[in-house]
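Listing of input11.txt; format and content: compact mmCIF, C-alpha atoms and all ligand atoms.
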```
# COMPACT_ATOMS: atom_id res chain seq x y z
CA MET A 14 28.84 9.30 -7.32
CA ARG A 15 28.80 11.34 -10.54
CA LEU A 16 25.45 12.76 -11.61
CA HIS A 17 24.37 12.20 -15.21
CA ARG A 18 22.43 14.98 -16.85
CA ASN A 19 19.80 12.84 -18.61
CA LEU A 20 19.08 10.85 -15.44
CA VAL A 21 18.73 13.95 -13.26
CA PHE A 22 16.44 15.54 -15.86
CA ALA A 23 14.34 12.38 -15.91
CA VAL A 24 13.95 12.65 -12.12
CA ILE A 25 13.01 16.35 -12.33
CA ASP A 26 10.42 15.71 -15.08
CA THR A 27 8.88 12.86 -13.09
CA LEU A 28 8.74 14.93 -9.88
CA HIS A 29 6.98 17.70 -11.79
CA LEU A 30 4.21 15.30 -12.81
CA ILE A 31 3.87 13.80 -9.31
CA PHE A 32 3.94 17.03 -7.32
CA ASN A 33 2.39 19.57 -9.66
CA ASP A 34 0.01 17.40 -11.70
CA ASN A 35 -0.92 15.11 -8.80
CA LYS A 36 -0.01 11.94 -10.72
CA TYR A 37 0.76 8.62 -9.01
CA ALA A 38 4.47 8.11 -8.32
CA ASP A 39 4.62 4.41 -9.26
CA LYS A 40 2.88 4.98 -12.61
CA GLU A 41 4.97 8.02 -13.55
CA ILE A 42 8.23 6.33 -12.56
CA SER A 43 7.46 3.26 -14.66
CA LYS A 44 6.54 5.51 -17.62
CA THR A 45 9.80 7.44 -17.24
CA LEU A 46 11.80 4.22 -17.12
CA LYS A 47 10.44 3.28 -20.54
CA ARG A 48 11.74 6.54 -22.03
CA ASP A 49 15.25 5.38 -22.92
CA LYS A 50 16.10 1.78 -23.79
CA ARG A 51 19.83 2.42 -23.27
CA TRP A 52 19.40 2.90 -19.52
CA GLY A 53 20.87 0.00 -17.60
CA SER A 54 19.72 -1.33 -14.26
CA ARG A 55 21.87 1.16 -12.29
CA ASP A 56 20.45 4.11 -14.26
CA ARG A 57 16.92 2.86 -13.74
CA GLY A 58 17.61 2.26 -10.06
CA PHE A 59 18.92 5.83 -9.73
CA ILE A 60 15.80 7.33 -11.33
CA ALA A 61 13.34 5.23 -9.33
CA GLU A 62 15.05 5.51 -5.94
CA THR A 63 15.88 9.21 -6.21
CA THR A 64 12.33 10.08 -7.26
CA TYR A 65 10.84 7.97 -4.45
CA ASP A 66 13.26 9.52 -1.93
CA ILE A 67 12.31 13.08 -2.88
CA VAL A 68 8.61 12.20 -2.82
CA ARG A 69 9.04 10.53 0.58
CA TRP A 70 10.88 13.47 2.11
CA GLN A 71 8.98 16.22 0.30
CA ARG A 72 7.96 18.25 3.33
CA LEU A 73 11.38 18.15 4.96
CA TYR A 74 13.22 18.97 1.74
CA ALA A 75 10.79 21.75 0.78
CA GLU A 76 11.23 23.32 4.20
CA ILE A 77 15.03 23.16 3.89
CA ALA A 78 14.97 24.43 0.30
CA GLU A 79 12.40 27.13 1.18
CA VAL A 80 10.13 26.25 -1.74
CA LYS A 81 6.36 25.89 -1.95
CA LEU A 82 3.93 24.00 -4.20
CA PRO A 83 3.46 24.19 -7.15
CA TYR A 84 7.19 23.82 -7.74
CA SER A 85 8.79 25.69 -10.63
CA ARG A 86 11.58 23.85 -12.45
CA PRO A 87 14.29 25.78 -10.57
CA ASN A 88 12.54 24.84 -7.32
CA LEU A 89 12.54 21.16 -8.29
CA PHE A 90 16.29 21.49 -8.78
CA ARG A 91 16.49 23.03 -5.29
CA LEU A 92 14.71 19.95 -3.87
CA PHE A 93 17.11 17.76 -5.79
CA THR A 94 20.06 19.72 -4.35
CA VAL A 95 18.84 19.02 -0.81
CA TRP A 96 18.58 15.32 -1.61
CA ALA A 97 22.07 15.19 -3.17
CA THR A 98 23.73 17.25 -0.42
CA LEU A 99 22.27 15.12 2.35
CA LYS A 100 23.50 12.03 0.47
CA GLY A 101 26.98 13.57 0.25
CA ILE A 102 26.84 13.79 -3.56
CA GLU A 103 28.79 16.62 -5.17
CA ILE A 104 26.61 19.14 -7.03
CA PRO A 105 27.87 19.56 -10.62
CA ASP A 106 28.47 23.01 -12.13
CA TRP A 107 25.51 22.85 -14.54
CA PRO A 108 23.53 26.05 -15.15
CA GLN A 109 20.44 24.41 -13.53
CA PHE A 110 22.24 24.32 -10.20
CA GLU A 111 23.63 27.87 -10.37
CA ASP A 112 21.06 29.39 -8.02
CA THR A 113 20.61 26.45 -5.70
CA PRO A 114 22.13 27.18 -2.27
CA THR A 115 24.06 24.25 -0.85
CA ARG A 116 25.23 25.99 2.33
CA ARG A 117 23.19 25.58 5.52
CA ILE A 118 21.38 22.46 4.20
CA LYS A 119 22.89 20.21 6.85
CA GLY A 120 22.36 22.77 9.62
CA LYS A 121 18.69 23.17 8.71
CA PHE A 122 18.30 19.42 8.44
CA ASP A 123 19.62 18.96 12.01
CA GLU A 124 17.35 21.68 13.32
CA LEU A 125 14.16 20.38 11.61
CA SER A 126 14.94 16.77 12.49
CA LYS A 127 14.03 17.53 16.08
CA ILE A 128 10.36 17.90 15.08
CA ARG A 129 8.56 14.66 14.04
CA LYS A 130 6.33 16.15 11.32
CA TYR A 131 9.43 17.52 9.54
CA ARG A 132 11.79 14.69 10.40
CA GLU A 133 9.33 12.08 9.12
CA SER A 134 7.90 14.43 6.51
CA VAL A 135 4.12 14.23 7.02
CA PRO A 136 1.32 16.79 6.80
CA ASP A 137 0.22 18.31 10.15
CA TRP A 138 -3.24 16.72 9.99
CA LEU A 139 -1.85 13.22 9.38
CA ASP A 140 0.67 13.55 12.20
CA GLU A 141 -2.12 14.60 14.58
CA LEU A 142 -4.39 11.79 13.41
CA GLY A 143 -1.60 9.23 13.74
CA VAL A 144 -1.10 10.20 17.40
CA LYS A 145 -4.85 9.97 18.00
CA GLU A 146 -5.08 6.54 16.37
CA LEU A 147 -1.93 4.83 17.67
CA GLY A 148 -0.67 6.97 20.55
CA GLU A 149 2.48 9.09 20.52
CA LYS A 150 5.03 6.30 21.06
CA LYS A 151 3.71 3.75 18.57
CA TRP A 152 3.03 6.37 15.88
CA THR A 153 6.57 7.74 16.15
CA LYS A 154 8.10 4.28 15.72
CA GLU A 155 5.69 3.20 13.00
CA LEU A 156 6.08 6.36 10.96
CA ASN A 157 9.83 5.97 11.08
CA ALA A 158 9.58 2.36 9.84
CA LEU A 159 7.15 3.38 7.08
CA ASN A 160 9.68 5.90 5.79
CA SER A 161 12.34 3.29 5.19
CA GLN A 162 12.84 1.34 1.96
CA ALA A 163 10.76 -1.83 1.78
CA PRO A 164 12.47 -5.17 1.13
CA VAL A 165 11.51 -7.03 -2.06
CA VAL A 166 9.55 -10.15 -1.13
CA LEU A 167 8.24 -12.80 -3.52
CA ARG A 168 5.42 -15.30 -3.02
CA VAL A 169 6.31 -18.59 -4.63
CA ASN A 170 3.53 -20.00 -6.80
CA THR A 171 3.00 -23.56 -5.57
CA LEU A 172 0.89 -24.32 -8.67
CA LYS A 173 4.21 -24.37 -10.54
CA THR A 174 7.06 -24.93 -8.12
CA SER A 175 8.20 -25.00 -4.48
CA PRO A 176 10.02 -22.28 -2.50
CA LYS A 177 13.28 -24.28 -2.52
CA LYS A 178 13.14 -24.97 -6.27
CA ALA A 179 12.24 -21.35 -7.05
CA GLN A 180 15.13 -20.21 -4.89
CA PHE A 181 17.59 -22.36 -6.89
CA GLN A 182 16.20 -21.20 -10.22
CA LEU A 183 16.41 -17.53 -9.18
CA ASP A 184 19.94 -18.11 -7.99
CA ASP A 185 20.83 -19.37 -11.47
CA GLU A 186 19.42 -16.11 -12.83
CA GLY A 187 21.65 -14.06 -10.52
CA ILE A 188 19.04 -13.31 -7.84
CA SER A 189 19.89 -14.40 -4.31
CA THR A 190 17.04 -14.82 -1.88
CA LYS A 191 16.41 -16.14 1.62
CA LEU A 192 13.46 -18.03 3.03
CA ILE A 193 11.61 -16.18 5.79
CA PRO A 194 10.70 -18.21 8.88
CA LYS A 195 6.92 -18.28 9.55
CA TYR A 196 6.09 -17.13 5.99
CA PRO A 197 6.00 -20.49 4.19
CA LEU A 198 5.89 -19.21 0.59
CA ALA A 199 8.03 -16.10 0.93
CA LEU A 200 11.47 -15.43 -0.54
CA GLU A 201 13.19 -12.16 0.35
CA LEU A 202 15.80 -10.67 -1.99
CA TYR A 203 19.20 -9.90 -0.46
CA GLU A 204 19.63 -7.06 -2.91
CA ARG A 205 17.10 -5.03 -4.96
CA LYS A 206 16.92 -6.38 -8.51
CA ASP A 207 14.42 -6.17 -11.35
CA VAL A 208 12.78 -9.57 -10.89
CA PHE A 209 10.19 -8.92 -13.61
CA LYS A 210 12.82 -9.53 -16.29
CA THR A 211 13.62 -13.05 -15.11
CA LYS A 212 12.49 -16.20 -16.89
CA SER A 213 11.17 -17.45 -13.53
CA PHE A 214 8.76 -14.52 -13.40
CA LYS A 215 7.65 -14.91 -17.00
CA ASP A 216 7.05 -18.60 -16.30
CA GLY A 217 4.79 -17.68 -13.37
CA LEU A 218 6.96 -19.16 -10.63
CA PHE A 219 6.34 -16.23 -8.29
CA GLU A 220 4.57 -12.94 -7.71
CA VAL A 221 6.01 -9.94 -5.91
CA GLN A 222 3.99 -9.78 -2.69
CA ASP A 223 4.98 -8.44 0.71
CA ALA A 224 5.30 -10.97 3.53
CA SER A 225 2.49 -9.39 5.60
CA SER A 226 0.16 -9.50 2.62
CA GLN A 227 0.85 -13.24 2.30
CA LYS A 228 -0.88 -13.79 5.63
CA ILE A 229 -4.28 -12.69 4.30
CA ALA A 230 -5.20 -15.54 1.96
CA GLU A 231 -3.75 -17.98 4.48
CA ALA A 232 -6.08 -16.63 7.19
CA LEU A 233 -9.12 -17.55 5.07
CA ASP A 234 -8.44 -21.26 5.67
CA VAL A 235 -9.53 -22.36 2.18
CA LYS A 236 -9.63 -25.99 1.03
CA PRO A 237 -9.54 -27.44 -2.50
CA GLY A 238 -13.07 -27.65 -3.91
CA MET A 239 -14.56 -24.74 -1.97
CA ARG A 240 -16.48 -21.83 -3.43
CA VAL A 241 -14.60 -18.68 -2.45
CA ILE A 242 -15.42 -15.04 -3.14
CA ASP A 243 -12.63 -12.47 -3.30
CA ALA A 244 -14.89 -9.44 -3.03
CA CYS A 245 -12.37 -6.64 -3.63
CA ALA A 246 -10.02 -8.58 -5.86
CA GLY A 247 -8.32 -5.73 -7.75
CA ALA A 248 -5.53 -7.11 -9.91
CA GLY A 249 -5.70 -10.34 -7.96
CA GLY A 250 -2.73 -10.53 -5.61
CA LYS A 251 -4.79 -12.49 -3.07
CA SER A 252 -6.91 -14.38 -5.67
CA LEU A 253 -3.76 -15.92 -7.12
CA HIS A 254 -2.59 -16.95 -3.68
CA LEU A 255 -6.03 -18.46 -2.96
CA ALA A 256 -5.92 -20.42 -6.24
CA ALA A 257 -2.57 -21.90 -5.21
CA LEU A 258 -3.84 -22.80 -1.72
CA MET A 259 -6.88 -24.44 -3.32
CA GLU A 260 -4.62 -26.37 -5.74
CA ASN A 261 -6.71 -25.03 -8.62
CA LYS A 262 -9.74 -26.99 -7.39
CA GLY A 263 -13.11 -25.44 -6.63
CA GLN A 264 -14.08 -21.92 -7.65
CA ILE A 265 -12.86 -18.42 -6.87
CA ILE A 266 -15.15 -15.57 -7.85
CA ALA A 267 -13.11 -12.39 -8.09
CA LEU A 268 -15.14 -9.18 -7.85
CA ASP A 269 -14.19 -5.54 -8.22
CA ILE A 270 -15.82 -2.28 -9.24
CA TYR A 271 -13.05 -1.67 -11.80
CA ALA A 272 -13.13 -3.87 -14.92
CA ASN A 273 -9.59 -2.90 -15.93
CA LYS A 274 -8.19 -4.35 -12.70
CA LEU A 275 -10.00 -7.63 -13.32
CA LYS A 276 -8.55 -7.71 -16.83
CA GLU A 277 -5.08 -7.46 -15.32
CA LEU A 278 -6.05 -10.24 -12.87
CA LYS A 279 -6.90 -12.54 -15.79
CA ARG A 280 -3.54 -11.83 -17.41
CA ARG A 281 -1.73 -12.66 -14.16
CA ALA A 282 -3.84 -15.79 -13.61
CA LYS A 283 -2.83 -17.09 -17.02
CA ARG A 284 0.85 -16.61 -16.25
CA ALA A 285 0.41 -18.28 -12.85
CA GLY A 286 -1.49 -21.26 -14.30
CA ALA A 287 -4.46 -20.49 -12.02
CA HIS A 288 -7.53 -21.94 -13.77
CA ASN A 289 -10.24 -21.70 -11.14
CA ILE A 290 -10.77 -17.92 -11.05
CA ASP A 291 -13.90 -16.32 -12.57
CA THR A 292 -13.96 -12.54 -12.64
CA ARG A 293 -17.17 -10.53 -12.26
CA HIS A 294 -17.34 -6.80 -12.63
CA ILE A 295 -19.58 -5.15 -10.00
CA GLU A 296 -21.54 -2.91 -12.35
CA ASN A 297 -24.51 -2.65 -9.99
CA SER A 298 -25.73 -4.10 -6.68
CA LYS A 299 -27.38 -7.06 -8.49
CA VAL A 300 -24.00 -8.71 -9.10
CA VAL A 301 -23.45 -9.00 -5.33
CA LYS A 302 -27.10 -9.80 -4.48
CA LYS A 303 -27.06 -12.78 -6.84
CA LEU A 304 -24.25 -14.25 -4.74
CA TYR A 305 -25.98 -13.98 -1.34
CA ASN A 306 -25.57 -17.13 0.84
CA SER A 307 -23.46 -18.84 -1.80
CA ALA A 308 -19.84 -18.93 -0.59
CA ASP A 309 -17.88 -21.11 1.83
CA ARG A 310 -15.38 -18.29 2.25
CA VAL A 311 -15.46 -14.54 1.59
CA LEU A 312 -12.40 -12.34 1.50
CA ILE A 313 -12.88 -8.59 1.88
CA ASP A 314 -9.51 -7.01 1.13
CA ALA A 315 -11.07 -3.61 1.60
CA PRO A 316 -10.14 -0.32 -0.04
CA CYS A 317 -8.26 1.72 2.58
CA THR A 318 -5.84 4.57 3.17
CA GLY A 319 -2.89 2.30 2.39
CA LEU A 320 -0.97 3.77 5.32
CA GLY A 321 0.60 0.38 6.05
CA VAL A 322 2.27 0.35 2.65
CA LEU A 323 3.67 3.88 2.69
CA ARG A 324 7.14 2.46 2.09
CA ARG A 325 5.96 1.39 -1.37
CA ASN A 326 3.66 4.32 -2.07
CA PRO A 327 5.18 7.31 -0.25
CA ASP A 328 3.09 9.75 -2.32
CA ALA A 329 0.00 8.60 -0.40
CA LYS A 330 1.19 10.99 2.36
CA TRP A 331 0.51 13.89 0.03
CA LYS A 332 -2.55 12.50 -1.75
CA LEU A 333 -4.60 11.47 1.31
CA SER A 334 -6.95 13.95 2.98
CA PRO A 335 -9.18 13.87 6.07
CA GLU A 336 -12.21 13.94 3.73
CA PHE A 337 -10.97 10.87 1.85
CA ILE A 338 -10.40 9.01 5.11
CA ALA A 339 -13.93 9.80 6.31
CA ARG A 340 -15.33 8.57 2.97
CA ILE A 341 -13.30 5.37 2.90
CA ARG A 342 -14.34 4.46 6.47
CA LYS A 343 -18.01 4.67 5.45
CA GLU A 344 -17.30 2.61 2.36
CA GLN A 345 -15.51 -0.07 4.43
CA GLN A 346 -18.51 -0.44 6.75
CA ASN A 347 -20.95 -0.61 3.82
CA ILE A 348 -18.82 -3.22 2.09
CA LEU A 349 -18.65 -5.32 5.27
CA LYS A 350 -22.42 -5.16 5.78
CA GLN A 351 -23.37 -5.90 2.18
CA TYR A 352 -20.68 -8.35 1.10
CA SER A 353 -20.82 -10.48 4.26
CA LYS A 354 -24.27 -11.56 3.00
CA MET A 355 -22.55 -13.59 0.28
CA LEU A 356 -21.31 -16.03 2.93
CA LYS A 357 -23.15 -19.30 3.68
CA SER A 358 -23.97 -20.29 7.27
CA GLY A 359 -20.96 -21.91 8.87
CA GLY A 360 -18.62 -20.11 6.48
CA LYS A 361 -15.64 -17.89 7.27
CA LEU A 362 -14.98 -14.30 6.28
CA VAL A 363 -11.71 -12.39 6.41
CA TYR A 364 -11.75 -8.60 6.56
CA ALA A 365 -8.33 -7.15 5.75
CA THR A 366 -6.72 -3.78 5.04
CA CYS A 367 -3.21 -2.50 4.44
CA SER A 368 -3.86 0.23 6.98
CA ILE A 369 -2.47 0.61 10.48
CA PHE A 370 -5.28 2.77 11.85
CA PRO A 371 -7.73 1.09 14.28
CA SER A 372 -10.57 3.19 12.82
CA GLU A 373 -10.22 1.26 9.54
CA ASN A 374 -9.52 -2.04 11.23
CA GLN A 375 -10.67 -3.41 14.59
CA LEU A 376 -13.15 -0.56 15.09
CA GLN A 377 -14.81 -1.36 11.76
CA VAL A 378 -15.07 -5.01 12.73
CA GLN A 379 -16.52 -4.12 16.14
CA GLU A 380 -19.08 -1.80 14.54
CA PHE A 381 -20.07 -4.56 12.12
CA LEU A 382 -20.39 -7.17 14.88
CA ASN A 383 -22.66 -4.79 16.82
CA SER A 384 -24.90 -4.20 13.77
CA VAL A 385 -27.93 -6.19 12.61
CA GLU A 386 -25.96 -7.49 9.61
CA GLY A 387 -23.21 -8.76 11.92
CA GLU A 388 -25.50 -10.46 14.45
CA THR A 389 -24.74 -13.99 13.28
CA PHE A 390 -20.96 -13.46 13.10
CA SER A 391 -18.30 -13.93 15.74
CA LEU A 392 -14.64 -12.91 15.76
CA THR A 393 -12.33 -15.90 15.83
CA ASN A 394 -8.95 -14.35 15.10
CA GLU A 395 -7.39 -10.94 14.58
CA GLU A 396 -3.88 -9.67 13.76
CA LYS A 397 -2.64 -6.08 13.79
CA ILE A 398 0.61 -6.08 11.87
CA LEU A 399 2.81 -3.02 12.24
CA ALA A 400 5.84 -2.32 10.06
CA HIS A 401 8.15 -1.45 12.96
CA THR A 402 7.53 -4.75 14.74
CA SER A 403 7.18 -7.12 11.76
CA GLY A 404 9.79 -5.60 9.43
CA TYR A 405 7.22 -5.89 6.61
CA ASP A 406 4.17 -3.88 5.54
CA GLY A 407 1.53 -2.73 7.99
CA PHE A 408 -1.61 -4.88 7.64
CA TYR A 409 -4.69 -5.91 9.55
CA PHE A 410 -6.96 -8.90 9.28
CA ALA A 411 -9.84 -10.36 11.24
CA THR A 412 -11.41 -13.78 10.73
CA LEU A 413 -15.15 -13.93 11.37
CA GLN A 414 -17.25 -17.07 11.54
CA LYS A 415 -20.92 -17.11 10.50
CA GLN A 416 -23.19 -19.26 12.66
C1 LIG A 501 -6.78 -3.23 -1.26
S1 LIG A 501 -7.33 -3.21 -2.88
C2 LIG A 501 -7.38 -4.91 -3.29
C3 LIG A 501 -6.07 -5.53 -3.60
C4 LIG A 501 -6.20 -6.95 -4.12
N1 LIG A 501 -7.06 -7.77 -3.31
C5 LIG A 501 -4.85 -7.62 -4.25
O1 LIG A 501 -4.52 -8.46 -3.41
O2 LIG A 501 -4.14 -7.33 -5.21
C6 LIG A 501 -9.02 -2.85 -2.75
C7 LIG A 501 -9.81 -3.07 -4.00
O3 LIG A 501 -11.17 -2.78 -3.72
C8 LIG A 501 -11.76 -2.28 -4.89
N2 LIG A 501 -13.01 -1.61 -4.47
C9 LIG A 501 -13.25 -0.37 -4.04
N3 LIG A 501 -14.53 -0.20 -3.73
C10 LIG A 501 -15.14 -1.39 -3.93
C11 LIG A 501 -16.46 -1.86 -3.80
N4 LIG A 501 -17.44 -1.08 -3.37
N5 LIG A 501 -16.72 -3.13 -4.12
C12 LIG A 501 -15.74 -3.96 -4.56
N6 LIG A 501 -14.47 -3.57 -4.73
C13 LIG A 501 -14.18 -2.30 -4.42
C14 LIG A 501 -10.70 -1.39 -5.48
O4 LIG A 501 -10.90 -1.19 -6.85
C15 LIG A 501 -9.43 -2.18 -5.17
O5 LIG A 501 -9.07 -2.97 -6.25
```
Entire entry expressed as structure tokens:
Amino acid sequence: MRLHRNLVFAVIDTLHLIFNDNKYADKEISKTLKRDKRWGSRDRGFIAETTYDIVRWQRLYAEIAEVKLPYSRPNLFRLFTVWATLKGIEIPDWPQFEDTPTRRIKGKFDELSKIRKYRESVPDWLDELGVKELGEKKWTKELNALNSQAPVVLRVNTLKTSPKKAQFQLDDEGISTKLIPKYPLALELYERKDVFKTKSFKDGLFEVQDASSQKIAEALDVKPGMRVIDACAGAGGKSLHLAALMENKGQIIALDIYANKLKELKRRAKRAGAHNIDTRHIENSKVVKKLYNSADRVLIDAPCTGLGVLRRNPDAKWKLSPEFIARIRKEQQNILKQYSKMLKSGGKLVYATCSIFPSENQLQVQEFLNSVEGETFSLTNEEKILAHTSGYDGFYFATLQKQ
């Protein structure tokens, strides 16, 4: 592979913003990709994948390159050199690479690879916490799976088409997919492609949604005509799925504390042809109180560490902190206690996270069930989905029934 100067510079500029200015990798990468209209899909793929790779392996590469945060521009080139050398890519004779040592990279890599926190590139505290939460064996396997590249999975929008029809249409647009057994609406791409440019996407035939995530709305057991509350709806990944399962009949009330996310939800709902979603911004506690005892189903897709989706957001490894985790656990319990009050008697509630840590998952549910607010609830189903066993994102969900 020959390295192109403008693409490498784009990667270096993006890494500077992610590492030194603490910006989100996905947002910065998509901004960078808009910089030059002449870039084709291979150029864009190079920028996105190289940036993600270096973010994912930051600790390992920094240790090999002997550089420390904040990274100067020459140090970012040293990180890049480690990436390229380990990939077997020849380093060009540009002035930016003059002082970057290429010798000993492989030797150091072999040496550091014996130690999990370097091999899998995680901070000490997260490695220790992972062992405490999952046990040595499971954490080692899971962390390894979470450091691999995630497959691209679509959820077919049954308001507009069927999985088989969508598969044919995508095939016509040059995108080959396979059905995934046990995930009725999922299509997995054989090869990474920009699906957002397709006519099928613009026509609302599918959303990009990991296979594990597709289990959440399904677990809520909704029926057409029900009144359903999606309490942490964000940009609506699950709301759209719920609308399809409800065949656009009944009502979905999508709540979130961020109005901009709900605005994005509305845009997506329009494309998907989902007409039964009302959005409500949680500006104060009254918005939730008004909905007490009103819903047949409540989905709590809770804010979490996102450790189950590290393959998609590798920068979370560097942005998370023990303080944040402590805060988010409290928030999860509060949300469960307050938002479960929106459910009618006899209704069902699903609590879900894209985390793999029991402290955010089954332990939260247990704490809730043992509390006064959880007295009338019982656990009817629970699934702990790990990336290394499922092949898809790490997720958790519990279904609770209210007496
Ligand atoms: C895991 S994300 C939801 C993803 C979304 N359900 C989807 O499928 O696309 C969690 C959401 O909870 C929202 N959130 C955080 N704190 C909240 C709170 N106290 N009440 C309601 N929503 C909250 C966040 O803004 C975020 O959008």
Review point. Hey, can you pull every residue with an atom no more than 9 Å from (-8.7, -6.7, -13.9), using all atoms listed in the file, and send it as a list in words?
Key: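 Every polymer residue passing the test: Ala246, Gly247, Ala248, Gly249, Asp269, Tyr271, Ala272, Asn273, Lys274, Leu275, Lys276, Glu277, Leu278, Lys279, Arg280, Thr292 and His294 of chain A.
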Exercise for review: Give me, please, the distance in Å between CA of Val221 (chain A) and CA of Asp34 (chain A), quoted to one decimal.
Suggested key: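 It comes out at 28.6 Å.
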Review point. Hey, which of A:Gln379, A:Thr402, A:Asn261, A:Asn394 ends up closest to Leu172 (chain A)? Count all atoms listed in the file.
Key: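 Closest to Leu172 (chain A), using all atoms listed in the file: A:Asn261.
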Exercise for review: Would you mind reading off the distance between CA of Ile118 (chain A) and CA of Leu99 (chain A), one decimal, in Å?
Suggested key: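 Interatomic distance, CA of Ile118 (chain A) to CA of Leu99 (chain A): 7.6 Å.
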Cut-off 10 Å: closest region 206-301 of chain A/region 338-353 of chain A atom pairs per residue, using all atoms listed in the file, as a Markdown table:
```
| residue | atom | partner | partner_atom | distance |
| --- | --- | --- | --- | --- |
| A:Ile242 | CA | A:Tyr352 | CA | 9.5 |
| A:Ala244 | CA | A:Tyr352 | CA | 7.2 |
| A:Cys245 | CA | A:Ile348 | CA | 9.3 |
| A:Ser298 | CA | A:Gln351 | CA | 9.3 |
| A:Val301 | CA | A:Tyr352 | CA | 7.0 |
```
**Study point:** Pick from A:Leu125, A:Glu103, A:Trp331, A:Glu395, whichever lies nearest to Asn33 (chain A) using all atoms listed in the file
**Key:**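 Under the stated criterion, the closest residue is A:Trp331.
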Practice item. Compare A:Val208, A:Ala285, A:Leu413, A:Ile31 by their minimum atom-to-atom distance to Glu186 (chain A), counting all atoms listed in the file, and give me the closest one. Key: A:Val208
**Study point:** Minimum-distance residue to Thr94 (chain A), chosen among A:Pro316, A:Pro114, A:Gly187, A:Pro108 (using all atoms listed in the file)
**Key:**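 Selected residue with least distance to Thr94 (chain A): A:Pro114.
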Review point. CA of Ser213 (chain A) to CA of Ala163 (chain A): how many Å, to one decimal?
Key: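 That distance, rounded to one decimal, is 21.9 Å.
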Review point. Nearest to Asp26 (chain A) among A:Ile42, A:Ile266, A:Ile102, A:Ile229, with distances taken over all atoms listed in the file: which residue is it?
Key: A:Ile42
Can you patch up region 182-196 of chain A, filling it in to N, CA and C atoms, and show the result as a PDB file, in the coordinates of the input?
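What landed in result-v4.pdb:
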```pdb
ATOM      1  N   GLN A 182      16.330 -21.739  -8.861  1.00  0.00           N
ATOM      2  CA  GLN A 182      16.200 -21.200 -10.220  1.00  0.00           C
ATOM      3  C   GLN A 182      16.565 -19.708 -10.251  1.00  0.00           C
ATOM      4  N   LEU A 183      16.099 -18.963  -9.232  1.00  0.00           N
ATOM      5  CA  LEU A 183      16.410 -17.530  -9.180  1.00  0.00           C
ATOM      6  C   LEU A 183      17.917 -17.325  -8.993  1.00  0.00           C
ATOM      7  N   ASP A 184      18.506 -18.190  -8.217  1.00  0.00           N
ATOM      8  CA  ASP A 184      19.940 -18.110  -7.990  1.00  0.00           C
ATOM      9  C   ASP A 184      20.692 -18.249  -9.316  1.00  0.00           C
ATOM     10  N   ASP A 185      20.225 -19.179 -10.135  1.00  0.00           N
ATOM     11  CA  ASP A 185      20.830 -19.370 -11.470  1.00  0.00           C
ATOM     12  C   ASP A 185      20.689 -18.123 -12.327  1.00  0.00           C
ATOM     13  N   GLU A 186      19.656 -17.331 -12.039  1.00  0.00           N
ATOM     14  CA  GLU A 186      19.420 -16.110 -12.830  1.00  0.00           C
ATOM     15  C   GLU A 186      20.068 -14.897 -12.161  1.00  0.00           C
ATOM     16  N   GLY A 187      20.894 -15.156 -11.156  1.00  0.00           N
ATOM     17  CA  GLY A 187      21.650 -14.060 -10.520  1.00  0.00           C
ATOM     18  C   GLY A 187      20.885 -13.347  -9.418  1.00  0.00           C
ATOM     19  N   ILE A 188      19.825 -13.965  -8.898  1.00  0.00           N
ATOM     20  CA  ILE A 188      19.040 -13.310  -7.840  1.00  0.00           C
ATOM     21  C   ILE A 188      19.078 -14.157  -6.573  1.00  0.00           C
ATOM     22  N   SER A 189      19.761 -13.636  -5.554  1.00  0.00           N
ATOM     23  CA  SER A 189      19.890 -14.400  -4.310  1.00  0.00           C
ATOM     24  C   SER A 189      18.768 -14.031  -3.357  1.00  0.00           C
ATOM     25  N   THR A 190      18.177 -15.055  -2.779  1.00  0.00           N
ATOM     26  CA  THR A 190      17.040 -14.820  -1.880  1.00  0.00           C
ATOM     27  C   THR A 190      17.208 -15.662  -0.618  1.00  0.00           C
ATOM     28  N   LYS A 191      16.438 -15.297   0.409  1.00  0.00           N
ATOM     29  CA  LYS A 191      16.410 -16.140   1.620  1.00  0.00           C
ATOM     30  C   LYS A 191      14.965 -16.482   1.937  1.00  0.00           C
ATOM     31  N   LEU A 192      14.790 -17.638   2.543  1.00  0.00           N
ATOM     32  CA  LEU A 192      13.460 -18.030   3.030  1.00  0.00           C
ATOM     33  C   LEU A 192      13.187 -17.221   4.286  1.00  0.00           C
ATOM     34  N   ILE A 193      11.922 -16.928   4.571  1.00  0.00           N
ATOM     35  CA  ILE A 193      11.610 -16.180   5.790  1.00  0.00           C
ATOM     36  C   ILE A 193      10.845 -17.100   6.742  1.00  0.00           C
ATOM     37  N   PRO A 194      11.404 -17.332   7.933  1.00  0.00           N
ATOM     38  CA  PRO A 194      10.700 -18.210   8.880  1.00  0.00           C
ATOM     39  C   PRO A 194       9.285 -17.700   9.157  1.00  0.00           C
ATOM     40  N   LYS A 195       8.343 -18.563   9.273  1.00  0.00           N
ATOM     41  CA  LYS A 195       6.920 -18.280   9.550  1.00  0.00           C
ATOM     42  C   LYS A 195       6.135 -17.736   8.348  1.00  0.00           C
ATOM     43  N   TYR A 196       6.809 -17.539   7.214  1.00  0.00           N
ATOM     44  CA  TYR A 196       6.090 -17.130   5.990  1.00  0.00           C
ATOM     45  C   TYR A 196       6.409 -18.213   4.961  1.00  0.00           C
TER      46      TYR A 196
END
```
